[in-house]
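In what follows, a structure is listed as C-alpha cells, so that the remarks can point back to it.
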Amino acid sequence: MRVLYLIGGSGRLYGSEMVALNLLKQLSDRVDFIVITSCYGDINKYCEKNKIENYVVNTSFYVYKKEENKVVDFFKHKYRLINAEFKMICAVKKIGKIIDFNTVDIIHSNLSRDLLGAKLSSIYKVPHIWYIQEMYKSHYQLSFLKKNQLDYMNDHSQQFIAISNTVANDWINNGILKEKVTTVYNGIEVKKIQIAKHNNNKVKLVMLGEVCEAKGQYHIIKAIARLNQKDRNNIQFDIFGNGQNGYLEEITALINENNLQEIVKLKGYSDNMADLLQEYDIGINNSRGEGFGLSTAEFMCAGLCVMCADRGANVELVKNNINGIIFQYGNINDIAFQLSELMNNKQKLVQLGYTASEEARTKYSSEIMAENVERVYKSWLRTK
C-alpha cells in the first residue's frame, strides 16, 4: 500500500505534526509512505534518517483571521486567496513531476485547512483521507478563504478522520457529511512516558505546546498571582514551547508585574518531555477549543493530575474529580481556587493522576491510533 502523506505545519513537532510522526513510526514498516511537508523540519529529518521518501513543497493554508474593518478584511481576504491559489497551482505542478500517481493508493491530508490533497485527489482520481485535527473555528478563530469551502471538502474527500467525538460533532453540525466521518483518537508514545514521582518539595505545574493566546497561558499566570502567599511559596510553574513574539512579551510583562519571576519560567521548546513529565505534579490545558489535546493525554499517561478548561475535547478526555479537574475557561478565580484545593490535598492530586494514567495507557497509544488509521486506508483500497 502506497500512501501520499501531506503533513503541512511549521516544521516543529507540535500537535498535528507529532501525530503524523507517531503514525509514521507505527506504520512505515507496512505502509510505503511518500511524505510532503510545507517546510523543512523535524518530520523531514526523521524521514531521511529512516529512508522514507519525502519532499518539501511550499503551500498556503486556506484560512485567515478576519479583520474588523470590512474594507481591510475584503482586501486581506482577496490577497490571501490569490496567494493560496497561486501556490496551489505551483505545488500541484511540482508534485506531478516528482510522483507517479499510478503507484499511489491513498492520499492522506493531515490538516483540514490544507486543500492540496483534495486538489490532487480530484486530478489523479486517488481516494482522499482527510484528518480533522481542530475545532471548526473556536480554537484559533480563523475563517475559510474559499467560497463554500465545506462543500468543497465534502466533494473532495472519501473519508474524514476526526481526532475526537467533540471534533466530529462540531464539524458535522457545521456541514461536514456525517456519513463520511469516523473518529480515531490521537496516539502518544505511551511506553516512553515515565510515571510521575510526586516527591517534589513544591507543587510543580507544567504546560506544553505553542505559547499563544489560544492556549491560554496568560489565564494560568493571572490565577497564580491571585493565590495567597502560602500557596505562592509552594508552587512552581514551567511553560514549555516556542511562542508568538507579541504574546510572549505580554505574559512576560504579567510575570514581572506580579513578581513571579522565581515561580513562573518560560522554558522554550523541548524534545525531551517524555522524560521531563515525571518531575511534575499537575499538567494544565487551558486551550480555548482543544480538538483532542496531546499534552492532556501525555499528562494523564504520566500520572500527573490534569487541570483542564471546560472547552473542546477537554471534557471528553477528563471527567471532573474522577481522572482530573475541570475549571471554567477564563474564570481566573475558579482556576486559582481549583489549583489551591489540589495543592493542599496531595492525596487527591496523586489519586486523580493514578486514575488518569490507567485510562490513558489503554486508550491513547500510538499503536491503537495506527491500527485504526490503517483500517481506514484498507477500506478505501477495496473501493479504488
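Numbering starts fresh at 1 for the residues of each chain in the C-alpha cells, the chains themselves are lettered A, B, ... in the order given, and ligands are numbered from 1 as they appear.
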Near Ala84 of chain A, within 9 Å and counting only C-alpha atoms, which residues show up once chain neighbours fewer than 2 positions away are dropped, as a list of chain:residue names?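 Skipping anything fewer than 2 positions along the chain leaves A:Thr59, A:Ser60, A:Phe61, A:Tyr62, A:Tyr79, A:Arg80, A:Leu81, A:Ile82, A:Phe86, A:Lys87, A:Met88, A:Ile89, A:Leu145.
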Write out as a list in words the residues lying within 7 Å of segment 16-20 of chain A, counting only C-alpha atoms and excluding same-chain residues fewer than 3 positions away. Ile7, Gly9, Leu13, Leu23, Leu24, Gln133, Asn186 and Gly187 of chain A
With DSSP run on the backbone, what are the helix (DSSP H, G or I) residues within segment 150-375 of chain A? I'd like them as an NGL selection string. :A and (150-155 or 165-173 or 178-180 or 190-192 or 213-215 or 217-225 or 229-232 or 245-257 or 273-279 or 294-302 or 314-317 or 332-343 or 346-363 or 366-375)
So how far away is atom CA of Thr103 of chain A from atom CA of Glu374 of chain A, in Å? 17.9 Å
A straight line from atom CA of Ala309 of chain A to atom CA of Gly289 of chain A spans 9.1 Å
Can you tell me, as a ChimeraX atom specification, which residues in segment 56-135 of chain A count as strand (DSSP E) by DSSP? /A:56,63-64,106-109,128-132
Once you have the residues from the selection above, write them out as a compact mmCIF listing (two decimals), in the first residue's frame, restricted to all heavy atoms.
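Output file out.txt follows:
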# COMPACT_ATOMS: atom_id res chain seq x y z
N VAL A 56 9.74 18.71 0.16
CA VAL A 56 9.20 19.95 0.69
C VAL A 56 8.54 20.70 -0.45
O VAL A 56 9.19 20.99 -1.46
CB VAL A 56 10.30 20.83 1.34
CG1 VAL A 56 9.71 22.15 1.81
CG2 VAL A 56 10.95 20.09 2.50
N VAL A 63 -7.17 29.40 5.17
CA VAL A 63 -7.84 30.07 6.29
C VAL A 63 -7.13 31.39 6.55
O VAL A 63 -5.97 31.58 6.18
CB VAL A 63 -7.84 29.22 7.58
CG1 VAL A 63 -8.72 28.00 7.45
CG2 VAL A 63 -6.41 28.82 7.96
N TYR A 64 -7.84 32.31 7.18
CA TYR A 64 -7.23 33.58 7.57
C TYR A 64 -8.01 34.17 8.73
O TYR A 64 -9.14 33.74 9.01
CB TYR A 64 -7.20 34.56 6.38
CG TYR A 64 -8.50 35.30 6.13
CD1 TYR A 64 -8.60 36.66 6.34
CD2 TYR A 64 -9.64 34.63 5.70
CE1 TYR A 64 -9.78 37.35 6.12
CE2 TYR A 64 -10.84 35.30 5.47
CZ TYR A 64 -10.89 36.66 5.68
OH TYR A 64 -12.07 37.34 5.47
N ILE A 106 -3.53 5.86 -1.78
CA ILE A 106 -4.29 6.74 -0.89
C ILE A 106 -3.56 8.07 -0.79
O ILE A 106 -2.34 8.12 -0.72
CB ILE A 106 -4.40 6.14 0.54
CG1 ILE A 106 -5.11 4.78 0.54
CG2 ILE A 106 -5.09 7.12 1.49
CD1 ILE A 106 -6.60 4.84 0.31
N ILE A 107 -4.33 9.17 -0.75
CA ILE A 107 -3.80 10.48 -0.38
C ILE A 107 -4.34 10.80 1.01
O ILE A 107 -5.55 10.73 1.24
CB ILE A 107 -4.21 11.58 -1.38
CG1 ILE A 107 -3.61 11.30 -2.76
CG2 ILE A 107 -3.76 12.96 -0.87
CD1 ILE A 107 -4.13 12.24 -3.84
N HIS A 108 -3.45 11.15 1.93
CA HIS A 108 -3.83 11.45 3.31
C HIS A 108 -3.42 12.87 3.63
O HIS A 108 -2.22 13.19 3.67
CB HIS A 108 -3.14 10.45 4.25
CG HIS A 108 -3.46 10.66 5.71
ND1 HIS A 108 -3.10 9.75 6.67
CD2 HIS A 108 -4.07 11.66 6.38
CE1 HIS A 108 -3.49 10.19 7.86
NE2 HIS A 108 -4.07 11.36 7.69
N SER A 109 -4.40 13.76 3.87
CA SER A 109 -4.12 15.12 4.30
C SER A 109 -4.17 15.19 5.82
O SER A 109 -5.13 14.72 6.43
CB SER A 109 -5.14 16.11 3.71
OG SER A 109 -4.98 16.21 2.32
N HIS A 128 -9.09 10.06 -1.17
CA HIS A 128 -8.52 11.07 -0.28
C HIS A 128 -9.07 10.91 1.13
O HIS A 128 -10.27 10.98 1.37
CB HIS A 128 -8.88 12.47 -0.82
CG HIS A 128 -8.32 13.59 0.00
ND1 HIS A 128 -9.00 14.78 0.19
CD2 HIS A 128 -7.15 13.71 0.67
CE1 HIS A 128 -8.26 15.58 0.94
NE2 HIS A 128 -7.14 14.97 1.25
N ILE A 129 -8.16 10.70 2.09
CA ILE A 129 -8.49 10.62 3.51
C ILE A 129 -8.07 11.93 4.15
O ILE A 129 -6.93 12.36 4.01
CB ILE A 129 -7.76 9.44 4.20
CG1 ILE A 129 -7.94 8.13 3.42
CG2 ILE A 129 -8.22 9.31 5.65
CD1 ILE A 129 -9.36 7.69 3.28
N TRP A 130 -8.99 12.55 4.88
CA TRP A 130 -8.72 13.90 5.41
C TRP A 130 -8.84 13.91 6.93
O TRP A 130 -9.88 13.66 7.49
CB TRP A 130 -9.75 14.87 4.83
CG TRP A 130 -9.25 16.27 4.64
CD1 TRP A 130 -8.30 16.93 5.36
CD2 TRP A 130 -9.70 17.19 3.64
NE1 TRP A 130 -8.13 18.20 4.88
CE2 TRP A 130 -8.97 18.39 3.81
CE3 TRP A 130 -10.65 17.13 2.62
CZ2 TRP A 130 -9.16 19.51 3.01
CZ3 TRP A 130 -10.84 18.26 1.82
CH2 TRP A 130 -10.09 19.42 2.01
N TYR A 131 -7.70 14.19 7.58
CA TYR A 131 -7.70 14.34 9.03
C TYR A 131 -8.32 15.68 9.43
O TYR A 131 -8.02 16.71 8.83
CB TYR A 131 -6.24 14.29 9.55
CG TYR A 131 -5.92 13.12 10.44
CD1 TYR A 131 -6.23 11.82 10.05
CD2 TYR A 131 -5.27 13.30 11.66
CE1 TYR A 131 -5.91 10.75 10.86
CE2 TYR A 131 -4.94 12.23 12.47
CZ TYR A 131 -5.27 10.96 12.07
OH TYR A 131 -4.95 9.89 12.87
N ILE A 132 -9.14 15.68 10.46
CA ILE A 132 -9.69 16.90 11.04
C ILE A 132 -9.16 16.99 12.46
O ILE A 132 -9.60 16.28 13.35
CB ILE A 132 -11.23 16.90 11.04
CG1 ILE A 132 -11.78 16.60 9.64
CG2 ILE A 132 -11.76 18.23 11.56
CD1 ILE A 132 -11.52 17.68 8.62
May I have the residues within 7 Å of Phe240 of chain A as a list in words, using only C-alpha atoms and disregarding those fewer than 4 positions away in the same chain? Met207, Leu208, Gly209, Leu266, Lys267, Gly268, Tyr269 and Ser270 of chain A
Kindly save the residues from that selection, with all heavy atoms included, as a PDB file, in the first residue's frame.
ATOM      1  N   MET A 207       2.817  23.314  31.516  1.00  0.00           N
ATOM      2  CA  MET A 207       2.014  23.449  30.307  1.00  0.00           C
ATOM      3  C   MET A 207       2.915  23.184  29.107  1.00  0.00           C
ATOM      4  O   MET A 207       4.086  23.598  29.094  1.00  0.00           O
ATOM      5  CB  MET A 207       1.392  24.844  30.175  1.00  0.00           C
ATOM      6  CG  MET A 207       0.199  25.087  31.083  1.00  0.00           C
ATOM      7  SD  MET A 207      -0.590  26.713  30.798  1.00  0.00           S
ATOM      8  CE  MET A 207      -1.592  26.367  29.336  1.00  0.00           C
ATOM      9  N   LEU A 208       2.369  22.507  28.090  1.00  0.00           N
ATOM     10  CA  LEU A 208       3.109  22.197  26.868  1.00  0.00           C
ATOM     11  C   LEU A 208       2.400  22.788  25.664  1.00  0.00           C
ATOM     12  O   LEU A 208       1.199  22.995  25.681  1.00  0.00           O
ATOM     13  CB  LEU A 208       3.210  20.674  26.660  1.00  0.00           C
ATOM     14  CG  LEU A 208       3.724  19.810  27.801  1.00  0.00           C
ATOM     15  CD1 LEU A 208       3.747  18.346  27.358  1.00  0.00           C
ATOM     16  CD2 LEU A 208       5.118  20.256  28.205  1.00  0.00           C
ATOM     17  N   GLY A 209       3.166  23.032  24.598  1.00  0.00           N
ATOM     18  CA  GLY A 209       2.573  23.461  23.337  1.00  0.00           C
ATOM     19  C   GLY A 209       2.950  24.886  22.988  1.00  0.00           C
ATOM     20  O   GLY A 209       3.679  25.575  23.711  1.00  0.00           O
ATOM     21  N   LEU A 266       9.572  30.452  31.586  1.00  0.00           N
ATOM     22  CA  LEU A 266       9.363  30.142  30.174  1.00  0.00           C
ATOM     23  C   LEU A 266      10.544  29.303  29.711  1.00  0.00           C
ATOM     24  O   LEU A 266      11.662  29.791  29.577  1.00  0.00           O
ATOM     25  CB  LEU A 266       9.255  31.435  29.363  1.00  0.00           C
ATOM     26  CG  LEU A 266       8.115  32.384  29.757  1.00  0.00           C
ATOM     27  CD1 LEU A 266       8.187  33.670  28.940  1.00  0.00           C
ATOM     28  CD2 LEU A 266       6.764  31.719  29.566  1.00  0.00           C
ATOM     29  N   LYS A 267      10.307  28.031  29.470  1.00  0.00           N
ATOM     30  CA  LYS A 267      11.378  27.070  29.218  1.00  0.00           C
ATOM     31  C   LYS A 267      11.723  26.894  27.750  1.00  0.00           C
ATOM     32  O   LYS A 267      12.717  26.233  27.423  1.00  0.00           O
ATOM     33  CB  LYS A 267      10.980  25.709  29.803  1.00  0.00           C
ATOM     34  CG  LYS A 267      10.831  25.688  31.316  1.00  0.00           C
ATOM     35  CD  LYS A 267      12.182  25.706  31.986  1.00  0.00           C
ATOM     36  CE  LYS A 267      12.098  25.415  33.456  1.00  0.00           C
ATOM     37  NZ  LYS A 267      13.421  25.310  34.098  1.00  0.00           N
ATOM     38  N   GLY A 268      10.884  27.438  26.840  1.00  0.00           N
ATOM     39  CA  GLY A 268      11.131  27.238  25.421  1.00  0.00           C
ATOM     40  C   GLY A 268      10.768  25.837  24.977  1.00  0.00           C
ATOM     41  O   GLY A 268      10.196  25.040  25.730  1.00  0.00           O
ATOM     42  N   TYR A 269      11.113  25.508  23.755  1.00  0.00           N
ATOM     43  CA  TYR A 269      10.763  24.204  23.172  1.00  0.00           C
ATOM     44  C   TYR A 269      11.695  23.117  23.687  1.00  0.00           C
ATOM     45  O   TYR A 269      12.901  23.318  23.810  1.00  0.00           O
ATOM     46  CB  TYR A 269      10.842  24.276  21.643  1.00  0.00           C
ATOM     47  CG  TYR A 269      10.570  22.954  20.954  1.00  0.00           C
ATOM     48  CD1 TYR A 269       9.266  22.510  20.779  1.00  0.00           C
ATOM     49  CD2 TYR A 269      11.619  22.154  20.497  1.00  0.00           C
ATOM     50  CE1 TYR A 269       9.007  21.304  20.152  1.00  0.00           C
ATOM     51  CE2 TYR A 269      11.368  20.951  19.872  1.00  0.00           C
ATOM     52  CZ  TYR A 269      10.065  20.529  19.705  1.00  0.00           C
ATOM     53  OH  TYR A 269       9.807  19.325  19.094  1.00  0.00           O
ATOM     54  N   SER A 270      11.146  21.953  23.983  1.00  0.00           N
ATOM     55  CA  SER A 270      11.942  20.790  24.387  1.00  0.00           C
ATOM     56  C   SER A 270      11.453  19.560  23.659  1.00  0.00           C
ATOM     57  O   SER A 270      10.247  19.344  23.526  1.00  0.00           O
ATOM     58  CB  SER A 270      11.841  20.563  25.901  1.00  0.00           C
ATOM     59  OG  SER A 270      12.477  19.349  26.257  1.00  0.00           O
TER      60      SER A 270
END
Quick one: pull the distance between atom CA of Val373 of chain A and atom CA of Lys25 of chain A, Å, one decimal. 13.0 Å
Asn169 of chain A surroundings by only C-alpha atoms, 12 Å radius, close-in-sequence under 4 positions cut, as a tab-separated table (two decimals) with C-alpha atoms, in the first residue's frame:
chain	number	residue	atom	x	y	z
A	132	ILE	CA	-9.69	16.90	11.04
A	134	GLU	CA	-9.02	21.08	15.25
A	135	MET	CA	-12.38	22.51	16.21
A	136	TYR	CA	-14.32	24.11	13.36
A	161	ILE	CA	-10.96	11.20	10.37
A	162	ALA	CA	-11.83	13.32	13.42
A	163	ILE	CA	-9.45	13.12	16.37
A	164	SER	CA	-12.27	13.13	18.94
A	165	ASN	CA	-16.04	12.84	19.06
A	173	ASN	CA	-23.04	20.43	12.97
A	174	ASN	CA	-21.38	22.94	10.64
A	175	GLY	CA	-21.90	20.95	7.44
A	176	ILE	CA	-19.42	18.08	7.04
A	177	LEU	CA	-21.28	14.96	5.88
A	178	LYS	CA	-21.87	12.68	8.87
A	179	GLU	CA	-21.64	9.50	6.80
A	181	VAL	CA	-16.79	10.96	9.37
A	182	THR	CA	-15.13	8.47	11.69
A	183	THR	CA	-13.34	9.12	14.98
A	291	GLY	CA	-9.63	19.27	19.37
A	312	GLY	CA	-13.48	21.49	23.29
A	313	ALA	CA	-12.44	17.88	23.76
Find the spatial neighbours of Ala223 of chain A, counting only C-alpha atoms, within a cut-off of 7 Å - ignore same-chain residues fewer than 4 positions away - and output them as a list in words. His219, Leu227, Ile332, Asn333, Ile335 and Ala336 of chain A
The selected residues should be written to file as a short mmCIF file (atom, residue, chain, number, x, y, z; two decimals), in the first residue's frame (atoms: all heavy atoms).
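Result went into selection30.cif, see below:
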data_model
loop_
_atom_site.label_atom_id
_atom_site.label_comp_id
_atom_site.auth_asym_id
_atom_site.auth_seq_id
_atom_site.Cartn_x
_atom_site.Cartn_y
_atom_site.Cartn_z
N HIS A 219 -4.03 33.18 31.40
CA HIS A 219 -5.01 32.95 32.47
C HIS A 219 -4.38 32.25 33.68
O HIS A 219 -4.69 32.57 34.82
CB HIS A 219 -6.16 32.08 31.96
CG HIS A 219 -7.01 32.75 30.94
ND1 HIS A 219 -7.85 32.05 30.08
CD2 HIS A 219 -7.17 34.06 30.61
CE1 HIS A 219 -8.47 32.90 29.29
NE2 HIS A 219 -8.08 34.12 29.59
N LEU A 227 -3.15 33.65 44.13
CA LEU A 227 -3.01 32.72 45.26
C LEU A 227 -2.51 33.47 46.49
O LEU A 227 -1.82 34.49 46.39
CB LEU A 227 -2.01 31.62 44.90
CG LEU A 227 -2.41 30.64 43.78
CD1 LEU A 227 -1.26 29.69 43.49
CD2 LEU A 227 -3.67 29.86 44.15
N ILE A 332 -10.67 33.35 36.25
CA ILE A 332 -9.40 33.34 36.99
C ILE A 332 -9.59 32.88 38.42
O ILE A 332 -8.77 32.12 38.98
CB ILE A 332 -8.74 34.73 36.95
CG1 ILE A 332 -8.62 35.24 35.51
CG2 ILE A 332 -7.38 34.69 37.63
CD1 ILE A 332 -7.85 34.34 34.59
N ASN A 333 -10.68 33.31 39.06
CA ASN A 333 -10.94 32.92 40.44
C ASN A 333 -11.15 31.41 40.57
O ASN A 333 -10.69 30.78 41.53
CB ASN A 333 -12.15 33.67 40.99
CG ASN A 333 -11.86 35.13 41.26
OD1 ASN A 333 -10.70 35.50 41.51
ND2 ASN A 333 -12.87 35.97 41.19
N ILE A 335 -9.96 29.08 38.51
CA ILE A 335 -8.66 28.43 38.29
C ILE A 335 -7.83 28.48 39.57
O ILE A 335 -7.25 27.47 40.00
CB ILE A 335 -7.90 29.09 37.12
CG1 ILE A 335 -8.69 28.97 35.82
CG2 ILE A 335 -6.52 28.45 36.96
CD1 ILE A 335 -8.14 29.82 34.68
N ALA A 336 -7.77 29.65 40.19
CA ALA A 336 -6.98 29.81 41.42
C ALA A 336 -7.53 28.93 42.54
O ALA A 336 -6.76 28.30 43.29
CB ALA A 336 -6.98 31.29 41.84
#
Between A:Asp275, A:Glu53, A:Asp114, A:Glu290, which has the minimum distance to Asp170 of chain A (counting only C-alpha atoms)? A:Glu290
